[in-house]
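Undergrad: Encoded as structure tokens, here's the structure I'll be asking about.
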Amino acid sequence: MTRHLTCFIVTAFSLATLLALPAVPSFAQGQQSQPEPPGINPAGGGVPMASLEKLKTKSSGPTPRAPDGKPDLSGIWGPDPHMIGDIAVALKPGEKLPLQPWALKLSKERLSKDDPNASCLPSGIPRQSPFPFKIIETPKLIVFLIEGNVHTYRQIFVDGSSHPKDLDPSWFGDSRGKWDGDTLVVDTVGFNDKFWFDGIGHPHTEKLHVIERYRRPDAGHLAYEITIDDPGAYTRPFTLYANSPLLQNTEIMEYFCIENNQDVAHILGKGTPAKE
Amino acid sequence: MARYRLGVLVAGFGLLFAVLPAFAHHAFVAQYDASKSTTLHGVVTKVEWTNPHARFYVDVRDTSGKVTNWNLELASPNALRRLGWTRDILKPGDQVSVFAAPAKDGAKMANARTVTLADGRKMVAGVAAEQGGVQ
């Protein structure tokens, strides 16, 4: 089913590109030569994702190491298109999101105009936008600078400390990291229930507990697994699998979405799930 | 005045785009109808190089002579920059042709998908639904 959908979408894209964009320069032509054009995944993509394609590092090398021997995750990374529109596509093939009945009902009822992201509120975790993020690794603190949406940051403390007690609920929670061999394990709690996991509105509660496992298998790639444990909205924990390419010849830029956001009043209905 | 005119091409292949969902800060399919994509010819009256979308406004004259100012949405400046756009590519007074998906709610707004500039350059512009389109 997924393969048929992918084939159809790729075919549709190819036809559309041939018919609609015959004079568009190298950008579109380059995409046609690839097995799956960037952003073609039903989860999201589009022009912002395609704009990163030529910035992906072509050559790679061994995993860079920090002076303390740990993998150095620092760099500017592209988003994973599976983490944007519908996180179900980031599950293992054949798996479904284990939504509790109320959460399934809510995710079907939610309308795009009510997506906090559409009103320029933060994406939270694990949702991504089609914009890069930058990791700055130091021995005791790892910082994510997030271009969008929204333009913000995350701090991951790797100093052996524990989560503070009595956290106020927040969009990105409180993140504490530790190294498990060459894998950075990030434990995050203290979330609010306001953000959506993705564009179609998969929900969560303040019971959300996220465990991220980041690896840099070579210089050019970041591989990560995100385990979502929310007994308030899901019947069991589940894990999302994602990859990010290292980007070169760019920097993260400003994306203050609130600046001129005219969209919300014109949004009707909802986005389309990547799959049922 | 002759420079104002309206060209309308309802593209049948737009149906191909309509099946592809789109997301970033909002879902393309919830706001624009790619199946009614239209080519607008007109003159740029204003440019906003802003987030979450760069926008430009074009005066378009229809066959009855009535001029309508269209609000045309591009991608965000960060994405446009990475695609080779600069903020002065579009300027007030420029004659342009824009292949655009109109707003579903009937507003005189559209998502610009390709912009053909006065010098003939054709720029990939906004949320390209055919690529899984994003905001």
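Chain labels A, B, ... are given in the sequence in which chains occur in the structure tokens; within each chain residues are numbered consecutively from 1, and ligands are likewise numbered from 1 in the order shown.
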I'd like the contact shell of Phe99 (chain B) - 8 Å cut-off, only C-alpha atoms, skipping same-chain residues fewer than 2 positions apart - returned as an MDAnalysis selection string.
TA: chainID B and resid 37:40 97 101 112:115
Undergrad: Would you mind exporting all heavy atoms of the selected residues as a short mmCIF file (atom, residue, chain, number, x, y, z; two decimals), in the first residue's frame?
TA:
```
data_model
loop_
_atom_site.label_atom_id
_atom_site.label_comp_id
_atom_site.auth_asym_id
_atom_site.auth_seq_id
_atom_site.Cartn_x
_atom_site.Cartn_y
_atom_site.Cartn_z
N SER B 37 -5.34 26.05 -9.86
CA SER B 37 -4.17 26.89 -10.11
C SER B 37 -4.36 27.72 -11.37
O SER B 37 -4.89 27.25 -12.37
CB SER B 37 -2.91 26.03 -10.23
OG SER B 37 -2.61 25.46 -8.97
N THR B 38 -3.92 28.94 -11.27
CA THR B 38 -4.22 29.97 -12.25
C THR B 38 -2.96 30.76 -12.56
O THR B 38 -2.11 30.92 -11.69
CB THR B 38 -5.26 30.93 -11.65
OG1 THR B 38 -6.46 30.22 -11.39
CG2 THR B 38 -5.56 32.11 -12.54
N THR B 39 -2.86 31.24 -13.79
CA THR B 39 -1.75 32.14 -14.09
C THR B 39 -2.26 33.58 -14.07
O THR B 39 -3.20 33.92 -14.79
CB THR B 39 -1.12 31.83 -15.45
OG1 THR B 39 -0.61 30.50 -15.41
CG2 THR B 39 0.03 32.79 -15.74
N LEU B 40 -1.66 34.38 -13.21
CA LEU B 40 -2.03 35.78 -13.09
C LEU B 40 -0.95 36.64 -13.74
O LEU B 40 0.23 36.42 -13.49
CB LEU B 40 -2.15 36.17 -11.61
CG LEU B 40 -3.18 35.40 -10.77
CD1 LEU B 40 -2.97 35.68 -9.29
CD2 LEU B 40 -4.59 35.80 -11.19
N SER B 97 4.33 37.27 -14.35
CA SER B 97 3.30 36.24 -14.52
C SER B 97 3.50 35.24 -13.40
O SER B 97 4.62 34.80 -13.15
CB SER B 97 3.46 35.53 -15.87
OG SER B 97 3.25 36.43 -16.92
N ALA B 101 -1.84 28.95 -6.80
CA ALA B 101 -2.99 28.21 -6.29
C ALA B 101 -3.82 29.15 -5.42
O ALA B 101 -3.33 29.68 -4.43
CB ALA B 101 -2.52 27.01 -5.48
N ALA B 112 1.88 31.49 -4.59
CA ALA B 112 2.64 31.59 -5.84
C ALA B 112 3.56 30.39 -5.96
O ALA B 112 4.32 30.11 -5.05
CB ALA B 112 3.45 32.88 -5.85
N ARG B 113 3.46 29.68 -7.04
CA ARG B 113 4.26 28.46 -7.19
C ARG B 113 5.43 28.69 -8.14
O ARG B 113 6.51 28.18 -7.90
CB ARG B 113 3.35 27.33 -7.65
CG ARG B 113 2.31 27.04 -6.55
CD ARG B 113 1.14 26.26 -7.04
NE ARG B 113 1.54 24.97 -7.54
CZ ARG B 113 0.72 24.15 -8.17
NH1 ARG B 113 -0.52 24.52 -8.41
NH2 ARG B 113 1.13 22.98 -8.56
N THR B 114 5.20 29.37 -9.22
CA THR B 114 6.32 29.83 -10.03
C THR B 114 6.04 31.28 -10.41
O THR B 114 4.90 31.68 -10.63
CB THR B 114 6.51 29.01 -11.33
OG1 THR B 114 5.28 29.01 -12.05
CG2 THR B 114 6.92 27.58 -11.01
N VAL B 115 7.10 32.06 -10.44
CA VAL B 115 6.99 33.46 -10.83
C VAL B 115 7.88 33.67 -12.05
O VAL B 115 9.07 33.39 -12.01
CB VAL B 115 7.44 34.40 -9.70
CG1 VAL B 115 7.32 35.85 -10.14
CG2 VAL B 115 6.62 34.15 -8.44
#
```
Undergrad: Would you please extract all strand (DSSP E) residues from region 23-80 of chain B, as assigned by DSSP on the backbone, and give them as JSON, numbers by chain?
TA: {"B": [38, 39, 40, 41, 42, 43, 44, 45, 46, 47, 48, 55, 56, 57, 58, 59, 60, 61, 67, 68, 69, 70, 71, 72, 73]}
Undergrad: Got a sec: who's within 12 Å of Ser112 (chain A), counting only C-alpha atoms, leaving out chain neighbours fewer than 3 positions off, as a VMD selection string?
TA: (chain A and resid 85 107 to 109 115 to 119 196 198 to 202 263 to 273) or (chain B and resid 22 to 31 135)
Undergrad: Based on the selection just made, write N, CA and C atoms of those residues as an mmCIF file, in the first residue's frame.
TA:
```
data_model
loop_
_atom_site.group_PDB
_atom_site.id
_atom_site.type_symbol
_atom_site.label_atom_id
_atom_site.label_comp_id
_atom_site.auth_asym_id
_atom_site.auth_seq_id
_atom_site.Cartn_x
_atom_site.Cartn_y
_atom_site.Cartn_z
ATOM 1 N N GLY A 85 4.702 16.266 8.985
ATOM 2 C CA GLY A 85 3.252 16.270 8.740
ATOM 3 C C GLY A 85 2.481 15.222 9.511
ATOM 4 N N SER A 107 -7.492 13.562 17.263
ATOM 5 C CA SER A 107 -6.600 13.791 16.129
ATOM 6 C C SER A 107 -7.384 13.850 14.819
ATOM 7 N N LYS A 108 -8.527 13.173 14.770
ATOM 8 C CA LYS A 108 -9.358 13.239 13.556
ATOM 9 C C LYS A 108 -10.185 14.513 13.506
ATOM 10 N N GLU A 109 -10.483 15.068 14.670
ATOM 11 C CA GLU A 109 -11.323 16.269 14.727
ATOM 12 C C GLU A 109 -10.530 17.568 14.569
ATOM 13 N N ASP A 115 -3.980 24.521 14.760
ATOM 14 C CA ASP A 115 -2.629 24.037 14.996
ATOM 15 C C ASP A 115 -1.804 25.172 15.617
ATOM 16 N N PRO A 116 -1.282 24.982 16.820
ATOM 17 C CA PRO A 116 -0.489 26.059 17.431
ATOM 18 C C PRO A 116 0.639 26.537 16.534
ATOM 19 N N ASN A 117 1.195 25.606 15.756
ATOM 20 C CA ASN A 117 2.279 25.964 14.842
ATOM 21 C C ASN A 117 1.821 26.979 13.791
ATOM 22 N N ALA A 118 0.559 26.878 13.362
ATOM 23 C CA ALA A 118 0.035 27.827 12.377
ATOM 24 C C ALA A 118 -0.047 29.229 12.956
ATOM 25 N N SER A 119 -0.189 29.302 14.288
ATOM 26 C CA SER A 119 -0.215 30.604 14.956
ATOM 27 C C SER A 119 1.158 30.983 15.486
ATOM 28 N N TRP A 196 1.153 20.186 19.082
ATOM 29 C CA TRP A 196 0.753 18.990 18.347
ATOM 30 C C TRP A 196 2.016 18.247 17.928
ATOM 31 N N ASP A 198 2.432 16.742 15.243
ATOM 32 C CA ASP A 198 2.634 16.864 13.796
ATOM 33 C C ASP A 198 1.524 17.721 13.212
ATOM 34 N N GLY A 199 1.572 17.890 11.900
ATOM 35 C CA GLY A 199 0.615 18.774 11.232
ATOM 36 C C GLY A 199 -0.819 18.298 11.289
ATOM 37 N N ILE A 200 -1.032 16.997 11.399
ATOM 38 C CA ILE A 200 -2.433 16.548 11.433
ATOM 39 C C ILE A 200 -2.974 16.460 12.849
ATOM 40 N N GLY A 201 -2.139 16.722 13.842
ATOM 41 C CA GLY A 201 -2.687 16.940 15.181
ATOM 42 C C GLY A 201 -2.673 15.764 16.123
ATOM 43 N N HIS A 202 -1.696 14.872 16.038
ATOM 44 C CA HIS A 202 -1.602 13.818 17.046
ATOM 45 C C HIS A 202 -1.316 14.464 18.406
ATOM 46 N N ASP A 263 -2.000 33.858 7.683
ATOM 47 C CA ASP A 263 -2.620 32.625 7.203
ATOM 48 C C ASP A 263 -3.846 32.154 7.971
ATOM 49 N N VAL A 264 -3.793 32.250 9.291
ATOM 50 C CA VAL A 264 -4.749 31.505 10.106
ATOM 51 C C VAL A 264 -6.201 31.770 9.714
ATOM 52 N N ALA A 265 -6.521 33.011 9.437
ATOM 53 C CA ALA A 265 -7.911 33.354 9.108
ATOM 54 C C ALA A 265 -8.373 32.708 7.809
ATOM 55 N N HIS A 266 -7.436 32.196 7.012
ATOM 56 C CA HIS A 266 -7.794 31.626 5.704
ATOM 57 C C HIS A 266 -7.634 30.112 5.656
ATOM 58 N N ILE A 267 -7.333 29.498 6.786
ATOM 59 C CA ILE A 267 -7.132 28.048 6.794
ATOM 60 C C ILE A 267 -8.464 27.353 7.038
ATOM 61 N N LEU A 268 -8.794 26.447 6.148
ATOM 62 C CA LEU A 268 -10.043 25.685 6.244
ATOM 63 C C LEU A 268 -9.705 24.205 6.382
ATOM 64 N N GLY A 269 -10.508 23.470 7.113
ATOM 65 C CA GLY A 269 -10.349 22.022 7.151
ATOM 66 C C GLY A 269 -9.066 21.586 7.821
ATOM 67 N N LYS A 270 -8.575 20.438 7.364
ATOM 68 C CA LYS A 270 -7.377 19.900 7.987
ATOM 69 C C LYS A 270 -6.450 19.328 6.935
ATOM 70 N N GLY A 271 -5.207 19.093 7.354
ATOM 71 C CA GLY A 271 -4.258 18.458 6.473
ATOM 72 C C GLY A 271 -4.614 16.997 6.293
ATOM 73 N N THR A 272 -3.962 16.374 5.344
ATOM 74 C CA THR A 272 -4.266 14.982 5.031
ATOM 75 C C THR A 272 -3.284 14.057 5.729
ATOM 76 N N PRO A 273 -3.800 13.033 6.432
ATOM 77 C CA PRO A 273 -2.867 12.085 7.046
ATOM 78 C C PRO A 273 -2.003 11.413 5.995
ATOM 79 N N ALA B 22 0.506 18.652 2.695
ATOM 80 C CA ALA B 22 1.570 19.631 2.819
ATOM 81 C C ALA B 22 1.561 20.265 4.195
ATOM 82 N N PHE B 23 2.711 20.399 4.761
ATOM 83 C CA PHE B 23 2.779 20.947 6.106
ATOM 84 C C PHE B 23 4.027 21.776 6.331
ATOM 85 N N ALA B 24 3.946 22.698 7.185
ATOM 86 C CA ALA B 24 5.051 23.255 7.958
ATOM 87 C C ALA B 24 4.379 24.049 9.046
ATOM 88 N N HIS B 25 4.252 25.355 8.865
ATOM 89 C CA HIS B 25 3.518 26.010 9.947
ATOM 90 C C HIS B 25 2.016 25.992 9.661
ATOM 91 N N HIS B 26 1.642 25.666 8.452
ATOM 92 C CA HIS B 26 0.243 25.328 8.206
ATOM 93 C C HIS B 26 0.178 24.378 7.028
ATOM 94 N N ALA B 27 -0.973 23.720 6.902
ATOM 95 C CA ALA B 27 -1.129 22.726 5.851
ATOM 96 C C ALA B 27 -1.556 23.407 4.559
ATOM 97 N N PHE B 28 -0.808 23.155 3.503
ATOM 98 C CA PHE B 28 -1.130 23.745 2.202
ATOM 99 C C PHE B 28 -2.564 23.423 1.792
ATOM 100 N N VAL B 29 -2.930 22.149 1.918
ATOM 101 C CA VAL B 29 -4.243 21.724 1.410
ATOM 102 C C VAL B 29 -5.399 22.322 2.195
ATOM 103 N N ALA B 30 -5.138 22.804 3.395
ATOM 104 C CA ALA B 30 -6.208 23.407 4.183
ATOM 105 C C ALA B 30 -6.430 24.870 3.807
ATOM 106 N N GLN B 31 -5.522 25.422 3.019
ATOM 107 C CA GLN B 31 -5.628 26.843 2.701
ATOM 108 C C GLN B 31 -5.759 27.132 1.204
ATOM 109 N N GLN B 135 3.925 24.946 3.905
ATOM 110 C CA GLN B 135 3.622 26.350 4.185
ATOM 111 C C GLN B 135 3.983 27.282 3.048
#
```
Undergrad: My list of candidates is A:Pro81, A:Pro98, A:Gly69, A:Gly75. Which is closest to Thr57 (chain A) when distances are computed with only C-alpha atoms?
TA: A:Gly75
Undergrad: Please identify all polymer residues within 9 Å of region 148-160 of chain A, counting only C-alpha atoms, omitting same-chain residues fewer than 4 positions from it, and present them as number ranges by chain.
TA: A: 117, 120-123, 128-133, 138-144, 172, 174-179, 186-188, 253-258; B: 24-25, 52
Undergrad: With a distance cut-off of 12 Å and only C-alpha atoms, select the neighbouring residues of Thr250 (chain A), excluding the residue or stretch itself and same-chain residues fewer than 6 positions from it, and output the selection as an mmCIF file with C-alpha atoms, in the first residue's frame.
TA:
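Resulting contents of result.cif:
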```
data_model
loop_
_atom_site.group_PDB
_atom_site.id
_atom_site.type_symbol
_atom_site.label_atom_id
_atom_site.label_comp_id
_atom_site.auth_asym_id
_atom_site.auth_seq_id
_atom_site.Cartn_x
_atom_site.Cartn_y
_atom_site.Cartn_z
ATOM 1 C CA SER A 51 15.939 24.397 -0.681
ATOM 2 C CA LEU A 52 18.212 22.324 1.575
ATOM 3 C CA GLU A 53 18.887 19.609 -0.981
ATOM 4 C CA LYS A 54 21.942 21.147 -2.602
ATOM 5 C CA LEU A 55 23.381 21.945 0.839
ATOM 6 C CA LYS A 56 23.635 18.323 1.940
ATOM 7 C CA THR A 57 27.221 17.266 2.469
ATOM 8 C CA GLY A 75 26.920 20.961 13.027
ATOM 9 C CA ILE A 76 24.036 22.308 10.997
ATOM 10 C CA TRP A 77 21.552 19.531 10.348
ATOM 11 C CA GLY A 78 18.646 19.232 7.956
ATOM 12 C CA PHE A 131 14.220 24.184 8.331
ATOM 13 C CA PRO A 132 17.684 23.324 9.675
ATOM 14 C CA PHE A 133 18.820 23.158 13.267
ATOM 15 C CA LYS A 134 22.282 23.635 14.671
ATOM 16 C CA ASN B 78 15.271 31.611 4.507
ATOM 17 C CA ALA B 79 14.059 29.021 1.991
ATOM 18 C CA ARG B 81 17.487 32.679 -0.100
ATOM 19 C CA ARG B 82 18.669 29.094 -0.251
ATOM 20 C CA LEU B 83 16.964 28.764 -3.635
#
```
Undergrad: Distance CA of Val98 (chain B)-CA of Ser64 (chain B), one decimal place?
TA: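 So the two atoms, CA of Val98 (chain B) and CA of Ser64 (chain B), lie 20.2 Å apart.
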